[in-house]
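Below is one structure; the comments refer to it alone.
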Amino acid sequence: MTVSSSRHSRRVAPGLISHALEVAGRLANDATDVITATAGRGARPTAKDSPFDWVTDTDRTLERHTRRVLTAEFPGIPVVGEEFGADIGVADSAYRWVVDPVDGTANYVAGVPWCAYSLALVDVDGPVVGVVADPYRGQIYAAARGRGARANGTPVTLPARTTVGASVDKKLPCVAIAPQALPSKCDQ
């Protein structure tokens, strides 16, 4: 079975989804190149809100690049970024882009091969398109509403199960996930 949501969401124009997937994939490739070329090589992080919340020049550079491309390709859709915050008008927009240019900055600074580039187009119903690049493993995961998920272009499939809840509720306590996600045991 292909990974997709059974949740009912607003229909999004197929052209918007296709264009968003293409641009997000291109940005993920750009980020992969930058992250692998610079990780652990003299990055000088600065602390943001706490000593454990770091930001590097790579974070800022990738977010600026992402914002530039998205603004050119999707005029009128604001961006919310980890490093520079939200564009004006984000609260009133039907869509918004959300980016974390280096998710796992501490690992990136240390040269530990465990960080990612994350980008999503969201609306009031949640994710429309999402892309996560895992630079060190050469993986780009992409998903779109109504289209399932892919890893490097190959559809992601799961073993057949009757319900997601049936496979999840045996392994995780109800308090670990949203109660509405599990139809049976959390209600008892």
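Identifiers for the structure tokens are assigned positionally: chains receive A, B, ... in sequence, residues are indexed from 1 per chain, and ligands are indexed from 1 in the order shown.
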Fewer than 2 positions away in the same chain doesn't count, so skip those; otherwise give me all residues within 9 Å of stretch 110-117 of chain A, counting only C-alpha atoms, as a PyMOL selection string.
chain A and resi 28+31-32+35-36+38-41+43+99-108+119+131-137
Output file for the residues above (C-alpha atoms, as a short mmCIF file (atom, residue, chain, number, x, y, z; two decimals), in the first residue's frame):
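Saved the output as out.cif:
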data_model
loop_
_atom_site.label_atom_id
_atom_site.label_comp_id
_atom_site.auth_asym_id
_atom_site.auth_seq_id
_atom_site.Cartn_x
_atom_site.Cartn_y
_atom_site.Cartn_z
CA ALA A 28 16.47 20.08 -1.27
CA ALA A 31 20.74 22.20 0.41
CA THR A 32 22.23 18.71 0.20
CA ILE A 35 25.42 20.83 3.80
CA THR A 36 27.69 18.01 2.67
CA THR A 38 30.47 22.47 4.64
CA ALA A 39 29.55 20.20 7.58
CA GLY A 40 32.06 20.23 10.42
CA ARG A 41 34.42 22.47 8.46
CA ALA A 43 31.28 26.41 11.18
CA VAL A 99 11.54 25.89 6.18
CA ASP A 100 14.18 24.63 8.58
CA PRO A 101 17.39 24.90 6.55
CA VAL A 102 19.59 22.79 8.83
CA ASP A 103 17.51 20.67 11.19
CA GLY A 104 20.13 19.34 13.58
CA THR A 105 22.58 22.23 13.66
CA ALA A 106 24.59 20.81 16.59
CA ASN A 107 25.26 17.62 14.62
CA TYR A 108 26.08 19.65 11.52
CA LEU A 119 10.58 22.38 3.61
CA VAL A 131 10.30 17.55 1.35
CA VAL A 132 13.06 16.39 3.69
CA ALA A 133 16.63 15.95 2.47
CA ASP A 134 18.97 13.64 4.35
CA PRO A 135 22.25 14.83 2.81
CA TYR A 136 24.54 12.19 4.29
CA ARG A 137 22.48 9.27 3.07
#
As a ChimeraX atom specification, please: every residue in stretch 76-173 of chain A that a backbone DSSP assignment puts in strand (DSSP E).
/A:79-81,85-86,96-103,116-123,126-134,139-144,148-151,154-155
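Residues with any atom within 10 Å of stretch 79-88 of chain A, counting only C-alpha atoms and excluding same-chain neighbours fewer than 5 positions away, are A:Lys48, A:Trp54, A:Val55, A:Thr56, A:Asp59, A:Arg60, A:Thr61, A:Leu62, A:Glu63, A:Arg64, A:Thr66, A:Arg67, A:Leu70, A:Thr71, A:Ser93, A:Tyr95, A:Arg96, A:Trp97, A:Val98, A:Val99, A:Asp100, A:Pro101, A:Val102, A:Asp103, A:Leu119, A:Ala120, A:Leu121.
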Give me every helix (DSSP H, G or I) residue in stretch 17-141 of chain A, going by DSSP on the backbone, as a compact mmCIF listing (two decimals) with C-alpha atoms, in the first residue's frame.
# COMPACT_ATOMS: atom_id res chain seq x y z
CA ILE A 17 1.22 20.57 -6.11
CA SER A 18 3.35 19.55 -9.11
CA HIS A 19 5.15 22.90 -9.23
CA ALA A 20 5.67 22.91 -5.44
CA LEU A 21 7.13 19.38 -5.53
CA GLU A 22 9.49 20.32 -8.36
CA VAL A 23 10.76 23.51 -6.70
CA ALA A 24 11.00 21.95 -3.23
CA GLY A 25 12.98 19.02 -4.68
CA ARG A 26 15.37 21.41 -6.40
CA LEU A 27 15.87 23.35 -3.16
CA ALA A 28 16.47 20.08 -1.27
CA ASN A 29 19.17 19.15 -3.79
CA ASP A 30 20.77 22.59 -3.38
CA ALA A 31 20.74 22.20 0.41
CA THR A 32 22.23 18.71 0.20
CA ASP A 33 25.16 20.05 -1.80
CA VAL A 34 25.80 22.91 0.63
CA ILE A 35 25.42 20.83 3.80
CA THR A 36 27.69 18.01 2.67
CA ALA A 37 30.32 20.48 1.41
CA THR A 38 30.47 22.47 4.64
CA ASP A 57 26.10 30.95 8.39
CA THR A 58 24.96 27.86 6.49
CA ASP A 59 21.54 28.02 8.20
CA ARG A 60 21.19 31.66 7.22
CA THR A 61 22.53 31.21 3.68
CA LEU A 62 20.26 28.26 2.93
CA GLU A 63 17.21 30.03 4.33
CA ARG A 64 17.95 33.19 2.31
CA HIS A 65 18.39 31.09 -0.84
CA THR A 66 15.16 29.19 -0.12
CA ARG A 67 13.24 32.45 0.45
CA ARG A 68 14.61 33.97 -2.77
CA VAL A 69 13.60 30.99 -4.88
CA LEU A 70 10.17 30.59 -3.27
CA THR A 71 9.39 34.29 -3.57
CA ALA A 72 10.24 34.20 -7.28
CA GLU A 73 8.37 30.95 -7.99
CA VAL A 90 1.42 34.87 6.83
CA ALA A 91 -1.63 34.84 9.12
CA ASP A 92 -3.97 35.85 6.29
CA THR A 105 22.58 22.23 13.66
CA ALA A 106 24.59 20.81 16.59
CA ASN A 107 25.26 17.62 14.62
CA TYR A 108 26.08 19.65 11.52
CA VAL A 109 28.62 21.80 13.43
CA ALA A 110 30.25 18.70 14.92
CA PRO A 135 22.25 14.83 2.81
CA TYR A 136 24.54 12.19 4.29
CA ARG A 137 22.48 9.27 3.07
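Here atom CA of A:Val122 is placed at a distance of 18.1 Å from atom CA of A:Arg150.
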